[in-house]
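Chemist: What follows is my_file.tsv; its format and atoms are TSV, C-alpha atoms and all ligand atoms.
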```
chain	number	residue	atom	x	y	z
A	1	MET	CA	2.83	15.83	-49.24
A	2	SER	CA	3.15	15.23	-45.53
A	3	THR	CA	2.28	11.81	-44.10
A	4	PRO	CA	-0.73	11.93	-41.72
A	5	THR	CA	0.17	10.98	-38.14
A	6	THR	CA	-1.73	8.00	-36.83
A	7	HIS	CA	-2.45	7.97	-33.14
A	8	PRO	CA	-3.00	4.80	-31.13
A	9	VAL	CA	-6.61	3.91	-30.44
A	10	GLN	CA	-7.13	4.74	-26.76
A	11	LEU	CA	-9.09	2.56	-24.37
A	12	ASP	CA	-12.61	3.68	-23.51
A	13	LEU	CA	-13.58	1.62	-20.46
A	14	PRO	CA	-16.79	1.53	-18.41
A	15	GLY	CA	-17.01	4.62	-16.18
A	16	GLN	CA	-14.26	6.48	-18.04
A	17	THR	CA	-15.26	10.11	-18.52
A	18	HIS	CA	-13.06	11.10	-21.46
A	19	VAL	CA	-10.80	9.63	-24.11
A	20	ALA	CA	-7.71	11.80	-24.61
A	21	ASP	CA	-6.64	11.27	-28.18
A	22	GLY	CA	-2.98	11.82	-29.00
A	23	PRO	CA	0.34	10.15	-29.66
A	24	HIS	CA	0.72	8.40	-26.28
A	25	ASP	CA	-1.13	5.18	-25.48
A	26	GLN	CA	-2.61	5.85	-22.02
A	27	ALA	CA	-3.98	2.31	-21.57
A	28	GLY	CA	-2.09	1.85	-18.29
A	29	MET	CA	-3.76	4.88	-16.72
A	30	TYR	CA	-7.24	3.98	-17.96
A	31	VAL	CA	-6.91	0.39	-16.74
A	32	MET	CA	-5.95	1.59	-13.25
A	33	HIS	CA	-8.82	4.08	-13.13
A	34	HIS	CA	-11.24	1.36	-14.22
A	35	ALA	CA	-10.04	-0.84	-11.35
A	36	PHE	CA	-10.38	1.97	-8.78
A	37	ARG	CA	-13.92	2.75	-9.92
A	38	ARG	CA	-14.90	-0.91	-9.95
A	39	ASP	CA	-13.51	-1.46	-6.45
A	40	LEU	CA	-15.19	1.59	-4.94
A	41	ALA	CA	-18.61	0.51	-6.22
A	42	ARG	CA	-18.07	-2.96	-4.76
A	43	PHE	CA	-16.80	-1.69	-1.42
A	44	GLU	CA	-19.77	0.67	-1.12
A	45	ALA	CA	-22.20	-2.20	-1.82
A	46	ALA	CA	-20.32	-4.55	0.52
A	47	VAL	CA	-20.43	-2.06	3.40
A	48	ARG	CA	-24.22	-1.76	3.02
A	49	GLN	CA	-25.00	-5.42	2.43
A	50	THR	CA	-22.58	-7.50	4.52
A	51	PRO	CA	-24.43	-8.80	7.60
A	52	LEU	CA	-23.07	-7.49	10.89
A	53	GLY	CA	-22.62	-11.03	12.16
A	54	ASP	CA	-20.48	-12.22	9.23
A	55	ARG	CA	-17.14	-11.49	10.88
A	56	ALA	CA	-15.09	-13.56	8.44
A	57	THR	CA	-16.31	-11.39	5.56
A	58	TRP	CA	-15.63	-8.12	7.43
A	59	LYS	CA	-12.11	-9.37	8.07
A	60	ALA	CA	-11.68	-10.27	4.39
A	61	LEU	CA	-13.05	-6.83	3.43
A	62	ALA	CA	-10.58	-5.06	5.74
A	63	GLY	CA	-7.69	-6.98	4.16
A	64	ARG	CA	-8.96	-6.26	0.67
A	65	TRP	CA	-9.33	-2.58	1.60
A	66	ALA	CA	-5.67	-2.49	2.69
A	67	ALA	CA	-4.63	-3.79	-0.74
A	68	PHE	CA	-6.82	-1.19	-2.48
A	69	THR	CA	-5.42	1.73	-0.50
A	70	GLU	CA	-1.86	0.57	-1.02
A	71	VAL	CA	-2.27	0.42	-4.80
A	72	LEU	CA	-4.04	3.80	-4.86
A	73	HIS	CA	-1.29	5.34	-2.72
A	74	HIS	CA	1.44	4.18	-5.11
A	75	HIS	CA	-0.60	5.28	-8.13
A	76	HIS	CA	-0.93	8.80	-6.75
A	77	ARG	CA	2.69	8.89	-5.64
A	78	VAL	CA	4.07	8.09	-9.08
A	79	GLU	CA	1.82	10.75	-10.59
A	80	ASP	CA	2.91	13.36	-8.05
A	81	GLU	CA	6.62	12.51	-8.31
A	82	SER	CA	7.15	11.48	-11.92
A	83	ILE	CA	4.25	12.59	-14.12
A	84	TRP	CA	2.61	15.86	-13.04
A	85	PRO	CA	5.89	17.75	-12.39
A	86	LEU	CA	7.02	16.99	-15.95
A	87	VAL	CA	3.76	18.15	-17.54
A	88	LEU	CA	3.57	21.13	-15.18
A	89	GLY	CA	7.08	22.25	-16.22
A	90	HIS	CA	5.97	22.44	-19.86
A	91	ALA	CA	2.72	24.21	-18.99
A	92	ARG	CA	4.69	26.83	-17.04
A	93	GLU	CA	7.22	27.29	-19.87
A	94	ARG	CA	4.31	28.04	-22.17
A	95	GLY	CA	2.75	30.43	-19.68
A	96	ASP	CA	-0.44	28.38	-19.89
A	97	ALA	CA	-2.15	29.43	-16.65
A	98	GLU	CA	-5.24	27.26	-17.15
A	99	SER	CA	-3.18	24.08	-17.60
A	100	VAL	CA	-0.97	25.01	-14.64
A	101	GLU	CA	-4.09	25.33	-12.50
A	102	THR	CA	-5.41	21.92	-13.64
A	103	LEU	CA	-2.10	20.20	-12.95
A	104	GLU	CA	-1.65	21.84	-9.55
A	105	ALA	CA	-5.15	20.67	-8.67
A	106	MET	CA	-4.11	17.03	-9.24
A	107	GLU	CA	-1.73	16.94	-6.29
A	108	ALA	CA	-4.05	19.05	-4.14
A	109	GLU	CA	-6.91	16.61	-4.81
A	110	HIS	CA	-4.67	13.66	-3.88
A	111	ASP	CA	-4.05	15.40	-0.56
A	112	THR	CA	-7.76	15.69	0.19
A	113	ILE	CA	-8.33	12.01	-0.68
A	114	ASP	CA	-5.74	10.76	1.84
A	115	PRO	CA	-7.69	11.66	5.04
A	116	ALA	CA	-10.90	10.23	3.52
A	117	LEU	CA	-9.03	6.97	2.82
A	118	ALA	CA	-7.65	6.92	6.37
A	119	ALA	CA	-11.17	7.43	7.77
A	120	CYS	CA	-12.39	4.38	5.81
A	121	THR	CA	-9.41	2.31	6.98
A	122	GLU	CA	-10.40	3.11	10.57
A	123	GLY	CA	-13.99	2.24	9.72
A	124	PHE	CA	-13.10	-1.19	8.35
A	125	ALA	CA	-10.93	-1.84	11.42
A	126	SER	CA	-13.85	-0.95	13.70
A	127	MET	CA	-16.07	-3.44	11.84
A	128	VAL	CA	-13.49	-6.16	12.51
A	129	ASP	CA	-13.11	-5.23	16.20
A	130	HIS	CA	-16.71	-4.48	17.01
A	131	PRO	CA	-19.26	-4.93	14.24
A	132	CYS	CA	-22.37	-2.93	15.07
A	133	ALA	CA	-24.94	-0.78	13.27
A	134	ASP	CA	-23.29	2.48	14.41
A	135	HIS	CA	-19.90	1.49	13.06
A	136	ARG	CA	-21.45	0.32	9.81
A	137	ASN	CA	-23.40	3.55	9.36
A	138	ALA	CA	-20.28	5.61	10.03
A	139	LEU	CA	-18.32	3.55	7.50
A	140	ASP	CA	-21.16	3.85	4.98
A	141	VAL	CA	-20.99	7.65	5.24
A	142	ARG	CA	-17.20	7.60	4.89
A	143	ILE	CA	-17.04	5.26	1.92
A	144	THR	CA	-19.83	7.15	0.12
A	145	ASP	CA	-17.91	10.37	0.69
A	146	LEU	CA	-14.59	8.89	-0.46
A	147	ARG	CA	-16.16	7.38	-3.56
A	148	ALA	CA	-17.75	10.67	-4.57
A	149	GLY	CA	-14.43	12.50	-4.03
A	150	LEU	CA	-12.36	9.96	-5.92
A	151	LEU	CA	-14.81	9.80	-8.83
A	152	ASP	CA	-14.65	13.61	-9.08
A	153	HIS	CA	-10.88	13.49	-9.05
A	154	LEU	CA	-10.70	10.77	-11.73
A	155	ARG	CA	-13.11	12.77	-13.90
A	156	HIS	CA	-11.02	15.91	-13.47
A	157	GLU	CA	-7.84	14.00	-14.28
A	158	GLU	CA	-9.33	12.31	-17.37
A	159	THR	CA	-10.95	15.43	-18.79
A	160	GLY	CA	-8.31	17.98	-17.78
A	161	ALA	CA	-4.89	16.46	-17.07
A	162	LEU	CA	-4.58	13.40	-19.33
A	163	PRO	CA	-5.21	15.49	-22.48
A	164	LEU	CA	-2.28	17.69	-21.39
A	165	ILE	CA	0.00	14.63	-21.30
A	166	GLN	CA	-0.91	14.08	-24.95
A	167	VAL	CA	-0.13	17.65	-25.92
A	168	LEU	CA	2.87	18.49	-23.76
A	169	LEU	CA	5.02	15.36	-23.36
A	170	SER	CA	7.52	14.08	-25.91
A	171	ALA	CA	7.72	10.35	-26.69
A	172	GLU	CA	10.83	10.07	-24.49
A	173	GLU	CA	9.16	11.85	-21.60
A	174	PHE	CA	6.05	9.70	-21.85
A	175	ASP	CA	8.25	6.64	-21.91
A	176	SER	CA	9.95	7.79	-18.70
A	177	CYS	CA	6.50	8.14	-17.07
A	178	GLU	CA	5.54	4.64	-18.18
A	179	LYS	CA	8.78	3.24	-16.78
A	180	ALA	CA	8.23	5.03	-13.45
A	181	ALA	CA	4.65	3.68	-13.32
A	182	GLY	CA	5.96	0.17	-14.06
A	183	LYS	CA	8.24	0.39	-11.03
A	184	ALA	CA	5.79	2.17	-8.75
A	185	TYR	CA	4.32	-0.87	-7.00
A	186	PRO	CA	6.05	-3.11	-4.44
A	187	LEU	CA	7.05	-6.50	-5.85
A	188	ARG	CA	5.21	-8.39	-3.10
A	189	ARG	CA	1.94	-6.82	-4.32
A	190	ILE	CA	2.36	-7.90	-7.97
A	191	PRO	CA	0.53	-11.25	-7.49
A	192	PHE	CA	-2.47	-9.15	-6.40
A	193	ILE	CA	-2.08	-6.21	-8.77
A	194	LEU	CA	-1.86	-8.16	-12.01
A	195	PRO	CA	-5.19	-10.04	-11.73
A	196	TRP	CA	-6.73	-7.03	-9.91
A	197	ALA	CA	-5.96	-4.63	-12.77
A	198	MET	CA	-7.31	-7.07	-15.36
A	199	ALA	CA	-10.49	-8.02	-13.45
A	200	GLY	CA	-13.74	-7.12	-15.19
A	201	LEU	CA	-12.02	-5.99	-18.40
A	202	PRO	CA	-13.21	-7.42	-21.69
A	203	GLU	CA	-10.86	-10.26	-22.70
A	204	GLU	CA	-9.79	-8.38	-25.86
A	205	VAL	CA	-8.61	-5.50	-23.66
A	206	VAL	CA	-6.61	-7.93	-21.50
A	207	THR	CA	-5.06	-9.42	-24.63
A	208	ARG	CA	-4.27	-5.97	-26.00
A	209	PHE	CA	-2.90	-4.76	-22.69
A	210	LEU	CA	-0.61	-7.74	-22.24
A	211	GLY	CA	-0.01	-8.02	-25.99
A	212	GLY	CA	3.38	-6.37	-25.89
A	213	ALA	CA	4.36	-8.04	-22.62
A	214	ALA	CA	6.53	-11.08	-22.14
A	215	PRO	CA	4.68	-14.42	-22.47
A	216	GLN	CA	5.63	-15.13	-18.84
A	217	LEU	CA	3.29	-12.33	-17.76
A	218	LYS	CA	0.29	-13.92	-19.51
A	219	HIS	CA	1.19	-17.24	-17.95
A	220	MET	CA	1.53	-15.57	-14.56
A	221	LEU	CA	-1.92	-14.03	-14.95
A	222	ARG	CA	-3.43	-17.45	-15.66
A	223	LEU	CA	-1.76	-18.84	-12.53
A	224	LEU	CA	-2.72	-15.91	-10.30
A	225	ARG	CA	-6.34	-15.49	-11.31
A	226	PRO	CA	-7.89	-18.41	-9.37
A	227	ARG	CA	-6.42	-17.28	-6.04
A	228	PHE	CA	-7.39	-13.67	-6.68
A	229	GLU	CA	-10.94	-14.69	-7.61
A	230	ARG	CA	-11.29	-16.79	-4.45
A	231	GLY	CA	-10.27	-13.73	-2.42
A	232	GLU	CA	-12.80	-11.55	-4.28
A	233	ALA	CA	-15.59	-14.08	-3.76
A	234	GLN	CA	-14.83	-14.09	-0.04
A	235	ALA	CA	-14.57	-10.33	0.53
A	236	PHE	CA	-17.45	-9.34	-1.75
A	237	ARG	CA	-19.74	-12.29	-1.14
A	238	HIS	CA	-22.67	-10.03	-0.20
A	239	ALA	CA	-21.96	-7.22	-2.68
B	1	FE	FE	-4.42	8.53	-12.42
```
Will you turn the file into structure tokens for me?
Modeler:
Amino acid sequence: MSTPTTHPVQLDLPGQTHVADGPHDQAGMYVMHHAFRRDLARFEAAVRQTPLGDRATWKALAGRWAAFTEVLHHHHRVEDESIWPLVLGHARERGDAESVETLEAMEAEHDTIDPALAACTEGFASMVDHPCADHRNALDVRITDLRAGLLDHLRHEETGALPLIQVLLSAEEFDSCEKAAGKAYPLRRIPFILPWAMAGLPEEVVTRFLGGAAPQLKHMLRLLRPRFERGEAQAFRHA
């Protein structure tokens, strides 16, 4: 009698569009997607609700936006360099045209998101330099557009590409992706990224996520949270 294989229980976080069951625990990916979705909703609300005259908050928002775009950039880069090529190679070997198309779309979608991000960066800068209704309206249009595009991309990735990781990658290959993702972010951003990634997650998810990590990481999170939360309260005070 063969032993049934037990798969890890995958995270199913608010906003997530699909749970890809399989042998690889994709918690890291789902946690990042949760944080991107959460941020975009808050930025959209902040752009609409922050008073034009509150310059300190627009400045804080522009700084917070820079952190968001930097994390997103590194997230996409590690996918494009270390994850999708590996999965794509297997899809091609199998002659699986539909999967090849899905995986090729991932990088193409990243490319369309970049100019939309740059347009928002310009928009936040214009609100710092010269806050007026015209600049706000332009930024509102841009952030709404970016959010719609990124949500579409995350949905496509979760429903189409993440299930392929489960089917096509070996344990060793998945491990190499996890290692690449672990090294994808600049060290100087870690004090931001750790509390940022955990923000808004149920405490049991935080515990599970950091469960296998060194105790120093949990201690670090406790130390970093107050500063991060002060920054959030400042940037999103009207959202
Ligand atoms: Fe992703």
Chemist: Could you please extract the residues within 9 Å of ligand FE 1 (chain B), counting all atoms listed in the file, and hand them back as a compact mmCIF listing (two decimals) with C-alpha atoms, in the frame of the given file?
Modeler:
```
# COMPACT_ATOMS: atom_id res chain seq x y z
CA MET A 29 -3.76 4.88 -16.72
CA TYR A 30 -7.24 3.98 -17.96
CA MET A 32 -5.95 1.59 -13.25
CA HIS A 33 -8.82 4.08 -13.13
CA LEU A 72 -4.04 3.80 -4.86
CA HIS A 75 -0.60 5.28 -8.13
CA HIS A 76 -0.93 8.80 -6.75
CA GLU A 79 1.82 10.75 -10.59
CA HIS A 153 -10.88 13.49 -9.05
CA LEU A 154 -10.70 10.77 -11.73
CA GLU A 157 -7.84 14.00 -14.28
CA GLU A 158 -9.33 12.31 -17.37
CA LEU A 162 -4.58 13.40 -19.33
```
Chemist: Could you tell me which of A:Thr121, A:Gln26, A:Thr144, A:Ser176 comes closest to A:Ile83 if we count all atoms listed in the file?
Modeler: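 Counting all atoms listed in the file, the residue closest to A:Ile83 is A:Ser176.
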Chemist: Have a look at atom CA of A:Lys183 and atom CA of A:Leu169 and let me know their distance in Å, one decimal.
Modeler: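 Between atom CA of A:Lys183 and atom CA of A:Leu169 the gap works out to 19.7 Å.
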Chemist: Can you write out as JSON lines which residues of stretch 31-150 of chain A fall within 12 Å of stretch 192-210 of chain A, alongside each residue's closest atom pair and its distance in Å to one decimal, counting all atoms listed in the file and ordering rows by chain and ascending residue number?
Modeler:
```
{"residue": "A:Val31", "atom": "CA", "partner": "A:Ala197", "partner_atom": "CA", "distance": 6.5}
{"residue": "A:Met32", "atom": "CA", "partner": "A:Ala197", "partner_atom": "CA", "distance": 6.2}
{"residue": "A:His33", "atom": "CA", "partner": "A:Ala197", "partner_atom": "CA", "distance": 9.2}
{"residue": "A:His34", "atom": "CA", "partner": "A:Ala197", "partner_atom": "CA", "distance": 8.1}
{"residue": "A:Ala35", "atom": "CA", "partner": "A:Ala197", "partner_atom": "CA", "distance": 5.7}
{"residue": "A:Phe36", "atom": "CA", "partner": "A:Ala197", "partner_atom": "CA", "distance": 8.9}
{"residue": "A:Arg37", "atom": "CA", "partner": "A:Gly200", "partner_atom": "CA", "distance": 11.2}
{"residue": "A:Arg38", "atom": "CA", "partner": "A:Gly200", "partner_atom": "CA", "distance": 8.2}
{"residue": "A:Asp39", "atom": "CA", "partner": "A:Trp196", "partner_atom": "CA", "distance": 9.4}
{"residue": "A:Gly63", "atom": "CA", "partner": "A:Phe192", "partner_atom": "CA", "distance": 12.0}
{"residue": "A:Arg64", "atom": "CA", "partner": "A:Phe192", "partner_atom": "CA", "distance": 10.0}
{"residue": "A:Ala66", "atom": "CA", "partner": "A:Phe192", "partner_atom": "CA", "distance": 11.7}
{"residue": "A:Ala67", "atom": "CA", "partner": "A:Phe192", "partner_atom": "CA", "distance": 8.1}
{"residue": "A:Phe68", "atom": "CA", "partner": "A:Ile193", "partner_atom": "CA", "distance": 9.3}
{"residue": "A:Thr69", "atom": "CA", "partner": "A:Ile193", "partner_atom": "CA", "distance": 11.9}
{"residue": "A:Glu70", "atom": "CA", "partner": "A:Ile193", "partner_atom": "CA", "distance": 10.3}
{"residue": "A:Val71", "atom": "CA", "partner": "A:Ile193", "partner_atom": "CA", "distance": 7.7}
{"residue": "A:Leu72", "atom": "CA", "partner": "A:Ile193", "partner_atom": "CA", "distance": 10.9}
{"residue": "A:His74", "atom": "CA", "partner": "A:Ile193", "partner_atom": "CA", "distance": 11.6}
{"residue": "A:His75", "atom": "CA", "partner": "A:Ile193", "partner_atom": "CA", "distance": 11.6}
```
Chemist: Rank nothing, just name the residue among A:Ala125, A:Ala180, A:Leu223, A:Ile143 nearest to A:Arg42, using only C-alpha atoms.
Modeler: A:Ile143
Chemist: What is the atom CA of A:Ala148-atom CA of A:Leu117 distance in Å, reported with one decimal?
Modeler: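 Atom CA of A:Leu117 lies 12.0 Å from atom CA of A:Ala148.
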Chemist: Neighbouring residues of A:Asp114 were defined as those with any atom within 10 Å, considering all atoms listed in the file; residues of the same chain fewer than 4 positions away were excluded. Please report them as a ChimeraX atom specification.
Modeler: /A:69,72-73,109-110,118-119,146
Chemist: Taking all atoms listed in the file into account, which of A:His24, A:Arg227, A:Arg155, A:Arg237 comes nearest A:Gln10?
Modeler: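 Going through A:His24, A:Arg227, A:Arg155, A:Arg237 one by one, the smallest distance to A:Gln10 is for A:His24.
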Chemist: One decimal, Å: what's the distance from atom CA of A:Leu221 over to atom CA of A:Arg147, could you say?
Modeler: 28.1 Å
Chemist: From the set A:Lys179, A:Asp129, A:Arg136, A:Leu40, which residue has the shortest atom-to-atom contact distance to A:Gly149, counting only C-alpha atoms?
Modeler: A:Leu40
Chemist: Which residue is closest to A:Ala138? Choose from A:Glu98, A:Asp152, A:Glu122, A:Asp12 and count all atoms listed in the file.
Modeler: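 The shortest atom-to-atom distance to A:Ala138 comes from A:Glu122.
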